[in-house]
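What follows is entry_13.cif (mmCIF, C-alpha atoms).
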```
data_coords
loop_
_atom_site.label_atom_id
_atom_site.label_comp_id
_atom_site.auth_asym_id
_atom_site.auth_seq_id
_atom_site.Cartn_x
_atom_site.Cartn_y
_atom_site.Cartn_z
CA MET D 26 -65.51 -35.59 57.73
CA GLY D 27 -66.77 -35.39 54.14
CA THR D 28 -68.57 -38.34 52.59
CA PRO D 29 -67.20 -40.04 49.44
CA GLY D 30 -69.56 -40.45 46.51
CA VAL D 31 -69.73 -41.93 43.02
CA LEU D 32 -69.05 -39.67 40.03
CA SER D 33 -70.73 -40.10 36.64
CA GLY D 34 -68.88 -38.37 33.82
CA THR D 35 -70.16 -36.30 30.90
CA ILE D 36 -69.60 -37.45 27.30
CA GLN D 37 -68.56 -34.88 24.69
CA PRO D 38 -69.55 -36.08 21.16
CA TYR D 39 -66.97 -34.12 19.14
CA ALA D 40 -66.67 -35.12 15.49
CA TRP D 41 -63.07 -36.37 15.80
CA GLY D 42 -64.02 -38.93 18.44
CA SER D 43 -64.08 -42.71 18.14
CA ARG D 44 -67.45 -44.40 17.83
CA ASP D 45 -66.49 -47.47 19.83
CA ALA D 46 -63.53 -46.81 22.19
CA LEU D 47 -65.40 -45.15 25.06
CA PRO D 48 -68.36 -47.57 24.89
CA ARG D 49 -65.85 -50.46 24.98
CA ILE D 50 -64.09 -49.01 28.02
CA MET D 51 -67.35 -48.21 29.81
CA GLY D 52 -69.09 -51.47 28.89
CA VAL D 53 -72.08 -49.78 27.26
CA PRO D 54 -73.58 -50.04 23.75
CA PRO D 55 -72.27 -47.56 21.14
CA THR D 56 -74.60 -44.71 20.25
CA GLY D 57 -73.69 -44.82 16.57
CA GLY D 58 -72.12 -41.37 16.79
CA PRO D 59 -68.66 -40.19 17.84
CA GLN D 60 -67.89 -40.12 21.55
CA ALA D 61 -64.69 -38.14 21.94
CA GLU D 62 -64.21 -37.29 25.61
CA LEU D 63 -65.42 -38.43 29.00
CA TRP D 64 -65.21 -35.49 31.43
CA LEU D 65 -64.80 -36.05 35.17
CA GLY D 66 -64.80 -32.85 37.18
CA ALA D 67 -66.69 -29.67 37.94
CA HIS D 68 -66.24 -27.68 34.74
CA ARG D 69 -69.32 -25.58 34.07
CA ARG D 70 -69.64 -26.93 30.48
CA GLY D 71 -69.99 -30.51 31.68
CA PRO D 72 -69.96 -31.07 35.45
CA SER D 73 -69.99 -34.66 36.66
CA LEU D 74 -72.95 -35.93 38.64
CA LEU D 75 -72.04 -36.83 42.23
CA ARG D 76 -74.21 -39.47 43.90
CA ARG D 77 -74.21 -39.79 47.67
CA GLY D 78 -76.73 -42.38 48.74
CA SER D 79 -79.93 -41.74 46.83
CA VAL D 80 -79.13 -38.10 46.06
CA ALA D 81 -77.32 -37.06 42.85
CA ARG D 82 -76.21 -33.48 42.17
CA PRO D 83 -73.75 -31.74 39.82
CA LEU D 84 -70.30 -31.66 41.38
CA ASP D 85 -69.84 -27.92 40.88
CA GLN D 86 -72.96 -27.25 42.94
CA VAL D 87 -71.84 -29.61 45.70
CA ILE D 88 -68.47 -27.83 45.91
CA ALA D 89 -70.12 -24.39 45.89
CA ASP D 90 -72.31 -25.35 48.87
CA ASP D 91 -69.36 -26.30 51.11
CA PRO D 92 -66.02 -25.70 49.37
CA ILE D 93 -63.84 -26.15 52.44
CA ALA D 94 -65.29 -29.56 53.26
CA GLU D 95 -65.01 -30.73 49.65
CA LEU D 96 -61.69 -29.16 48.63
CA GLY D 97 -59.90 -28.63 51.93
CA ALA D 98 -58.94 -25.27 53.42
CA ASP D 99 -55.62 -24.95 51.60
CA ALA D 100 -57.02 -25.79 48.16
CA PHE D 101 -59.97 -23.49 48.84
CA ARG D 102 -57.60 -20.59 49.47
CA ALA D 103 -55.29 -21.47 46.58
CA PHE D 104 -57.91 -21.93 43.87
CA GLY D 105 -60.77 -19.66 44.85
CA GLY D 106 -63.21 -22.34 45.89
CA GLU D 107 -63.14 -24.23 42.58
CA LEU D 108 -61.82 -27.67 41.65
CA PRO D 109 -58.63 -26.66 39.78
CA PHE D 110 -58.39 -29.63 37.42
CA LEU D 111 -60.46 -31.57 34.90
CA LEU D 112 -59.88 -35.29 34.28
CA LYS D 113 -60.77 -36.85 30.92
CA ILE D 114 -60.58 -39.98 28.85
CA LEU D 115 -59.89 -39.06 25.21
CA ALA D 116 -60.84 -41.37 22.34
CA VAL D 117 -59.22 -39.89 19.22
CA ASP D 118 -60.18 -41.40 15.87
CA ARG D 119 -58.89 -38.63 13.60
CA PRO D 120 -56.62 -35.60 14.07
CA LEU D 121 -57.76 -32.78 16.31
CA SER D 122 -57.18 -29.12 15.61
CA LEU D 123 -53.74 -27.51 15.55
CA GLN D 124 -53.81 -25.75 18.91
CA THR D 125 -52.11 -24.31 21.93
CA HIS D 126 -53.27 -22.96 25.28
CA PRO D 127 -52.48 -19.66 27.02
CA ASN D 128 -50.60 -19.09 30.23
CA ARG D 129 -52.44 -17.39 33.08
CA SER D 130 -51.50 -13.79 32.21
CA GLN D 131 -52.41 -14.31 28.53
CA ALA D 132 -55.72 -15.88 29.53
CA GLN D 133 -56.58 -13.03 31.87
CA ALA D 134 -55.75 -10.38 29.27
CA GLY D 135 -57.57 -12.21 26.47
CA PHE D 136 -60.67 -12.89 28.57
CA ASP D 137 -60.91 -9.29 29.74
CA SER D 138 -60.48 -7.99 26.20
CA GLU D 139 -63.29 -10.18 24.85
CA GLU D 140 -65.50 -9.19 27.79
CA GLU D 141 -64.94 -5.51 26.95
CA GLN D 142 -65.87 -6.25 23.34
CA GLY D 143 -69.13 -7.79 24.53
CA ILE D 144 -68.49 -11.21 22.97
CA PRO D 145 -70.80 -13.76 24.67
CA LEU D 146 -69.06 -16.57 26.54
CA ASP D 147 -70.75 -19.18 24.35
CA ALA D 148 -70.10 -17.38 21.05
CA GLY D 149 -68.47 -19.50 18.37
CA HIS D 150 -65.85 -16.81 17.70
CA ARG D 151 -64.85 -16.50 21.35
CA SER D 152 -61.22 -17.57 22.08
CA PHE D 153 -60.94 -17.02 25.84
CA ARG D 154 -63.77 -18.56 27.88
CA ASP D 155 -62.15 -18.08 31.29
CA ARG D 156 -59.14 -16.41 32.94
CA ASN D 157 -57.25 -19.62 33.64
CA HIS D 158 -54.17 -21.21 32.09
CA LYS D 159 -54.40 -24.70 30.59
CA PRO D 160 -51.33 -26.89 30.98
CA GLU D 161 -52.13 -30.58 30.54
CA LEU D 162 -50.75 -34.08 30.99
CA ILE D 163 -51.75 -37.02 28.83
CA CYS D 164 -51.17 -40.71 29.63
CA ALA D 165 -51.82 -43.38 27.01
CA LEU D 166 -54.34 -46.14 27.74
CA GLU D 167 -53.78 -47.58 24.27
CA PRO D 168 -51.12 -46.63 21.69
CA PHE D 169 -51.40 -42.85 21.21
CA THR D 170 -49.85 -40.66 18.52
CA ALA D 171 -49.40 -36.88 18.51
CA PHE D 172 -47.50 -34.02 16.99
CA CYS D 173 -46.21 -32.09 19.99
CA GLY D 174 -43.88 -29.10 20.46
CA LEU D 175 -41.92 -27.37 17.73
CA ARG D 176 -38.99 -29.45 16.55
CA ARG D 177 -35.46 -28.18 16.04
CA PRO D 178 -35.37 -25.81 13.04
CA GLU D 179 -32.69 -27.72 11.15
CA SER D 180 -34.84 -30.85 11.28
CA THR D 181 -37.91 -29.03 9.97
CA ALA D 182 -35.82 -27.40 7.23
CA ALA D 183 -34.59 -30.84 6.15
CA LEU D 184 -38.13 -32.25 6.13
CA PHE D 185 -39.51 -29.31 4.15
CA GLU D 186 -36.63 -29.51 1.65
CA SER D 187 -37.24 -33.25 1.17
CA LEU D 188 -40.82 -32.49 0.06
CA ASN D 189 -39.49 -30.41 -2.84
CA VAL D 190 -42.34 -27.89 -2.61
CA ALA D 191 -40.99 -24.64 -4.05
CA ALA D 192 -43.64 -22.54 -2.34
CA LEU D 193 -42.16 -23.53 1.05
CA GLY D 194 -38.89 -21.78 0.14
CA PRO D 195 -39.32 -18.78 2.46
CA ALA D 196 -40.19 -21.06 5.40
CA VAL D 197 -37.15 -23.24 4.66
CA SER D 198 -34.86 -20.19 4.62
CA LEU D 199 -36.24 -18.96 7.94
CA MET D 200 -35.82 -22.40 9.49
CA GLN D 201 -32.25 -22.62 8.22
CA ALA D 202 -31.64 -19.30 9.96
CA GLY D 203 -33.11 -20.75 13.16
CA ASP D 204 -36.09 -18.40 13.13
CA ILE D 205 -38.96 -20.73 14.04
CA ALA D 206 -41.30 -17.91 15.07
CA SER D 207 -41.04 -16.10 11.75
CA ALA D 208 -41.49 -19.33 9.78
CA LEU D 209 -44.64 -20.15 11.76
CA ARG D 210 -45.98 -16.63 11.30
CA TRP D 211 -45.21 -16.70 7.57
CA LEU D 212 -47.24 -19.89 7.12
CA LEU D 213 -50.16 -18.75 9.27
CA GLU D 214 -50.44 -15.36 7.57
CA ARG D 215 -50.67 -16.58 3.97
CA THR D 216 -53.71 -15.45 2.01
CA PRO D 217 -56.42 -18.13 1.81
CA GLU D 218 -55.52 -18.83 -1.82
CA SER D 219 -51.78 -19.10 -1.11
CA ALA D 220 -52.34 -21.21 2.02
CA ALA D 221 -54.59 -23.64 0.16
CA ALA D 222 -52.10 -24.02 -2.68
CA ILE D 223 -49.23 -24.72 -0.29
CA ALA D 224 -51.35 -27.16 1.72
CA HIS D 225 -52.36 -29.18 -1.34
CA GLN D 226 -48.75 -29.32 -2.58
CA VAL D 227 -47.47 -30.43 0.83
CA ALA D 228 -50.13 -33.15 1.14
CA ASP D 229 -49.40 -34.39 -2.38
CA ALA D 230 -45.66 -34.40 -1.69
CA CYS D 231 -46.18 -36.46 1.46
CA GLU D 232 -47.62 -39.26 -0.69
CA ARG D 233 -44.23 -39.73 -2.35
CA ALA D 234 -41.57 -41.91 -0.75
CA GLY D 235 -38.73 -40.08 0.94
CA PRO D 236 -37.12 -39.14 4.24
CA PHE D 237 -39.29 -38.74 7.34
CA PRO D 238 -41.72 -41.52 6.30
CA ASN D 239 -43.77 -41.40 9.52
CA GLU D 240 -44.29 -37.67 9.27
CA ARG D 241 -45.21 -38.06 5.60
CA HIS D 242 -47.80 -40.69 6.53
CA TRP D 243 -49.55 -38.25 8.87
CA GLY D 244 -49.20 -35.44 6.37
CA VAL D 245 -51.27 -37.55 3.98
CA GLN D 246 -53.86 -38.32 6.66
CA ILE D 247 -54.21 -34.68 7.70
CA GLY D 248 -54.33 -33.51 4.08
CA GLU D 249 -57.17 -35.90 3.33
CA GLN D 250 -59.18 -34.79 6.35
CA TYR D 251 -58.52 -31.06 5.99
CA PRO D 252 -57.82 -30.42 2.29
CA GLY D 253 -56.31 -27.02 1.62
CA ASP D 254 -55.60 -26.27 5.31
CA ILE D 255 -52.14 -24.79 5.98
CA GLY D 256 -52.13 -26.73 9.24
CA VAL D 257 -50.84 -29.75 7.33
CA ALA D 258 -47.52 -27.93 6.81
CA ILE D 259 -47.40 -26.55 10.35
CA ALA D 260 -48.03 -29.99 11.85
CA LEU D 261 -44.83 -31.15 10.15
CA MET D 262 -42.94 -28.53 12.17
CA LEU D 263 -43.78 -30.48 15.33
CA ASN D 264 -42.21 -33.54 16.96
CA LEU D 265 -43.98 -36.79 16.11
CA VAL D 266 -44.50 -38.75 19.32
CA HIS D 267 -45.74 -42.32 19.83
CA LEU D 268 -46.84 -43.21 23.36
CA GLN D 269 -47.20 -46.81 24.48
CA PRO D 270 -49.79 -47.65 27.17
CA GLY D 271 -48.68 -46.12 30.46
CA GLN D 272 -46.40 -43.50 28.93
CA ALA D 273 -47.21 -39.82 29.39
CA LEU D 274 -46.43 -36.30 28.22
CA PHE D 275 -46.72 -33.03 30.11
CA LEU D 276 -47.60 -30.08 27.88
CA GLU D 277 -47.01 -26.67 29.35
CA ALA D 278 -48.99 -23.63 28.22
CA GLY D 279 -47.81 -22.49 24.79
CA ASN D 280 -46.98 -25.98 23.51
CA LEU D 281 -48.29 -26.27 19.94
CA HIS D 282 -49.75 -29.73 19.33
CA VAL D 283 -52.06 -31.95 17.30
CA TYR D 284 -53.42 -35.18 18.79
CA LEU D 285 -53.67 -37.71 15.98
CA ARG D 286 -55.04 -41.06 17.14
CA GLY D 287 -55.42 -43.22 20.22
CA VAL D 288 -57.00 -43.49 23.65
CA ALA D 289 -55.60 -41.73 26.70
CA VAL D 290 -56.30 -40.27 30.11
CA GLU D 291 -55.81 -36.51 30.21
CA ILE D 292 -55.69 -34.11 33.14
CA MET D 293 -55.58 -30.36 32.74
CA ALA D 294 -56.13 -27.14 34.57
CA ASN D 295 -59.84 -26.37 34.83
CA SER D 296 -60.04 -24.25 31.69
CA ASP D 297 -61.66 -24.26 28.26
CA ASN D 298 -59.20 -21.89 26.59
CA VAL D 299 -58.17 -23.36 23.21
CA LEU D 300 -56.34 -21.21 20.66
CA ARG D 301 -56.60 -22.84 17.23
CA GLY D 302 -54.49 -22.28 14.14
CA GLY D 303 -56.12 -24.72 11.72
CA LEU D 304 -57.33 -28.28 11.10
CA THR D 305 -60.77 -27.46 12.41
CA GLU D 306 -64.15 -26.04 11.52
CA LYS D 307 -64.15 -24.12 14.80
CA HIS D 308 -62.93 -20.57 15.37
CA VAL D 309 -59.31 -19.96 14.32
CA ASP D 310 -57.55 -17.05 16.04
CA VAL D 311 -54.13 -16.68 14.43
CA ALA D 312 -53.20 -13.53 16.34
CA ALA D 313 -54.00 -15.08 19.74
CA LEU D 314 -52.20 -18.30 18.85
CA LEU D 315 -49.07 -16.45 17.71
CA ASP D 316 -49.11 -14.43 20.92
CA ALA D 317 -49.39 -17.55 23.09
CA VAL D 318 -47.28 -20.16 21.30
CA ASP D 319 -43.84 -21.06 22.63
CA CYS D 320 -41.56 -21.08 19.59
CA ARG D 321 -38.52 -22.51 21.35
CA PRO D 322 -37.58 -25.94 20.00
CA HIS D 323 -38.85 -28.68 22.29
CA ASP D 324 -37.17 -31.95 23.17
CA VAL D 325 -40.12 -34.18 23.99
CA LEU D 326 -39.86 -35.78 27.44
CA VAL D 327 -41.82 -39.03 27.53
CA GLN D 328 -42.48 -40.25 31.07
CA SER D 329 -42.66 -44.02 31.59
CA PRO D 330 -44.07 -45.49 34.81
CA THR D 331 -41.80 -47.49 37.08
CA GLY D 332 -43.57 -49.80 39.49
CA SER D 333 -47.25 -50.46 40.06
CA CYS D 334 -47.88 -47.00 41.52
CA PHE D 335 -46.35 -44.04 39.72
CA GLU D 336 -46.97 -40.29 39.92
CA PHE D 337 -46.15 -38.41 36.72
CA GLN D 338 -44.18 -35.17 36.85
CA SER D 339 -46.26 -32.01 36.39
CA PRO D 340 -44.54 -28.83 37.63
CA ILE D 341 -47.69 -26.92 38.60
CA PRO D 342 -49.85 -26.89 41.75
CA ASP D 343 -53.18 -27.33 39.93
CA PHE D 344 -52.98 -31.07 39.41
CA SER D 345 -51.10 -34.32 39.84
CA LEU D 346 -51.83 -37.69 38.24
CA ALA D 347 -50.88 -41.08 39.64
CA ARG D 348 -51.26 -44.37 37.76
CA VAL D 349 -52.01 -47.38 39.98
CA GLU D 350 -52.01 -51.03 38.87
CA LEU D 351 -54.19 -52.28 41.68
CA THR D 352 -54.13 -55.89 42.84
CA GLY D 353 -55.48 -56.49 46.30
CA ALA D 354 -55.90 -53.60 48.73
CA LYS D 355 -54.35 -50.16 49.07
CA ARG D 356 -55.06 -47.49 51.68
CA PHE D 357 -54.83 -43.77 50.96
CA THR D 358 -55.73 -40.50 52.66
CA PRO D 359 -56.73 -37.53 50.48
CA SER D 360 -54.89 -34.33 51.39
CA GLY D 361 -57.07 -32.25 49.10
CA PRO D 362 -59.73 -32.83 46.42
CA GLU D 363 -59.33 -36.08 44.46
CA ILE D 364 -60.99 -38.02 41.69
CA VAL D 365 -60.22 -41.74 41.68
CA MET D 366 -61.05 -43.19 38.27
CA CYS D 367 -61.03 -46.84 37.16
CA ALA D 368 -59.84 -47.19 33.56
CA SER D 369 -60.11 -50.99 33.36
CA GLY D 370 -60.98 -53.93 35.56
CA ARG D 371 -63.24 -53.59 38.59
CA VAL D 372 -62.33 -52.00 41.90
CA ARG D 373 -63.99 -50.87 45.10
CA VAL D 374 -63.10 -47.39 46.34
CA ALA D 375 -64.35 -46.02 49.65
CA GLY D 376 -67.10 -48.63 49.64
CA HIS D 377 -68.22 -47.99 46.05
CA ASP D 378 -67.82 -50.40 43.13
CA ILE D 379 -66.48 -48.73 40.00
CA SER D 380 -65.34 -50.03 36.62
CA GLY D 381 -64.27 -48.65 33.23
CA GLY D 382 -64.72 -44.87 33.23
CA GLY D 383 -66.35 -44.91 36.67
CA ALA D 384 -65.00 -42.68 39.42
CA ASP D 385 -65.19 -41.90 43.10
CA TRP D 386 -65.06 -38.48 44.76
CA PRO D 387 -63.33 -38.66 48.15
CA PRO D 388 -63.49 -35.10 49.52
CA ALA D 389 -60.49 -33.57 51.24
CA THR D 390 -61.97 -34.22 54.68
CA ALA D 391 -62.84 -37.89 54.06
CA GLY D 392 -59.95 -39.29 56.14
CA ALA D 393 -58.25 -42.66 55.52
CA LEU D 394 -59.86 -44.74 52.75
CA GLU D 395 -59.25 -48.05 51.00
CA MET D 396 -59.33 -49.26 47.42
CA THR D 397 -59.51 -52.97 46.64
CA GLY D 398 -59.84 -55.22 43.61
CA SER D 399 -57.98 -55.63 40.36
CA GLY D 400 -57.75 -52.90 37.76
CA LEU D 401 -56.01 -49.84 36.38
CA VAL D 402 -56.76 -46.80 38.52
CA PHE D 403 -55.85 -43.14 38.15
CA ARG D 404 -55.76 -40.75 41.10
CA ALA D 405 -56.20 -37.11 40.10
CA ALA D 406 -55.41 -34.58 42.79
CA THR D 407 -53.85 -31.18 43.45
CA LYS D 408 -50.44 -30.47 44.95
CA VAL D 409 -52.01 -28.26 47.61
CA GLY D 410 -52.76 -30.04 50.90
CA GLY D 411 -56.02 -30.09 52.78
#
```

Take the structure from the file and write it as structure tokens.
Amino acid sequence: MGTPGVLSGTIQPYAWGSRDALPRIMGVPPTGGPQAELWLGAHRRGPSLLRRGSVARPLDQVIADDPIAELGADAFRAFGGELPFLLKILAVDRPLSLQTHPNRSQAQAGFDSEEEQGIPLDAGHRSFRDRNHKPELICALEPFTAFCGLRRPESTAALFESLNVAALGPAVSLMQAGDIASALRWLLERTPESAAAIAHQVADACERAGPFPNERHWGVQIGEQYPGDIGVAIALMLNLVHLQPGQALFLEAGNLHVYLRGVAVEIMANSDNVLRGGLTEKHVDVAALLDAVDCRPHDVLVQSPTGSCFEFQSPIPDFSLARVELTGAKRFTPSGPEIVMCASGRVRVAGHDISGGGADWPPATAGALEMTGSGLVFRAATKVGG
């Protein structure tokens, strides 16, 4: 049987991150700088440190040494000997980039093309850093707000018309015709001068009272953070979603989104493929985004937990996420690789004490285990048995 161990996550200090949310959750002093994401997993850009007894090693190296013992035979065969998911805590203080993620075939084609062009994996202008898709599921720890999925065209047309920005006329006409894809392309392919002019007019218009007041509020916020960026108009084409603690969203590949503010647990396929269309200083790849984005109108499905133990719906084999309000003791038996993370409170998992942001790694061959204590726990796993 494999031996459970304690996982220490990796902090990513992206500029959009909160300066105090992760320190508050983890019970550590703030650094003074932004701390945006806590990564728990085996991604090569930030593998967690796994401690077993007095020995601590990066999780990706531990898995590589004995993938069947750590992942289980079925997961080993299904995912090529790699942990197929990455678990995070996000602490969003200001809007992230306008982005989507590729499906597996798009990722494979894009990665191979950039390899043939000789673009280094760590190059700033690289769009595809691996061959994997990147669906994701996000569950709010605190109130969380996002623009997510393209809204119905008639709704976007009404919002754009209410802004009374003449330069948006072509986009309004395309939306009224139900052609979301062409409206998105028209906005993304404006010249820099035209895009900046439209963006400033949209942001200014959002400051005026009118219909869609919540969307206007975020239009102002985005316009202030990214002045002259056409992403402010494109964000208004998306559904505005407010998650209360415990509620979750599943975002399939191709879902265009902008996370705006809040703290949440996120699980995703083990990929770093992000295709950006604006609201960022990082590489923007309009062609790749347009190729990957799903322009069908989305009705946002918010999942709300029922009961103290609830597994969210995610229609892919790479990952599952269960939310557990633990009081007392609960036994479980991993059927594949798992990360058990404590978001609040204090719990004991497989003999290890963990608290805010702390995690345990029970390998697939660990057998029956127990968690005890009082706290909010998340179990990240695959849907492939051991």

Exercise. Fewer than 2 positions away in the same chain doesn't count, so skip those; otherwise give me all residues within 7 Å of stretch 99-110 of chain D, counting all atoms listed in the file, as a VMD selection string.
Key: chain D and resid 67 92 to 93 96 to 97 112 292 to 295 343 to 344 361 409 to 411

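Remark: for D:Leu326, the closest of the candidate residues D:Met262, D:Leu274, D:Ala347, D:Ala375 is D:Leu274 (distances computed over all atoms listed in the file).
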
Quiz prompt | Test item: residues at most 6 Å from stretch 279-286 of chain D, only C-alpha atoms, excluding those fewer than 4 positions along its chain, as a list of chain:residue names | solution =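 That gives D:Val117, D:Asp118, D:Arg119, D:Pro120, D:Leu121, D:Leu123, D:Gln124, D:Thr125, D:His126, D:Pro127, D:Phe169, D:Thr170, D:Ala171, D:Phe172, D:Cys173, D:Gly174, D:Ala317, D:Val318, D:Asp319.
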
Quiz prompt | Which residue of D:Val87, D:Ala206, D:Ala98, D:Ala116 approaches D:Pro48 most closely, using all atoms listed in the file | solution =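 Closest to D:Pro48, using all atoms listed in the file: D:Ala116.
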
Quiz prompt | Target residues per the PyMOL selection byres ((chain D and resi 192) around 10), formatted as a list in words | solution =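 Those residues are Asn189, Val190, Ala191, Leu193, Gly194, Pro195, Ala196, Val197, Ser219, Ala220, Ala222, Ile223, Ala224, Gln226 and Val227 of chain D.
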
Quiz prompt | For stretch 234-240 of chain D: contacts at 7 Å, all atoms listed in the file, fewer than 4 positions along chain excluded, given as a PyMOL selection string | solution = chain D and resi 184+187+244+261+265

Residues just named, written with C-alpha atoms as a PDB file, keeping the file's coordinate frame:
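Heads up, here's the output in selection.pdb:
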```pdb
ATOM      1  CA  LEU D 184     -38.130 -32.250   6.130  1.00  0.00           C
ATOM      2  CA  SER D 187     -37.240 -33.250   1.170  1.00  0.00           C
ATOM      3  CA  GLY D 244     -49.200 -35.440   6.370  1.00  0.00           C
ATOM      4  CA  LEU D 261     -44.830 -31.150  10.150  1.00  0.00           C
ATOM      5  CA  LEU D 265     -43.980 -36.790  16.110  1.00  0.00           C
TER       6      LEU D 265
END
```

Quiz item: From the list D:Gly370, D:Gly287, D:Pro322, D:Gly71, which residue is nearest D:Pro168 when using only C-alpha atoms?
Solution: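 Among D:Gly370, D:Gly287, D:Pro322, D:Gly71, it is D:Gly287 that comes nearest to D:Pro168.
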
Exercise. Name the residues captured by the PyMOL selection byres ((chain D and resi 86) around 12) when it is applied to the shown file; answer as a PyMOL selection string.
Key: chain D and resi 66-69+72-75+81-85+87-92+95+106-108

Practice problem: Can you turn the PyMOL selection byres ((chain D and resi 211-217) around 8) into a concrete residue list for this file, as a ChimeraX atom specification? | Solution: /D:196,207-210,218-221,255,259,302,311

Exercise. Please measure the separation of atom CA of D:Glu395 and atom CA of D:Gly376, giving the value in Å to one decimal.
Key: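 Atom CA of D:Gly376 lies 8.0 Å from atom CA of D:Glu395.
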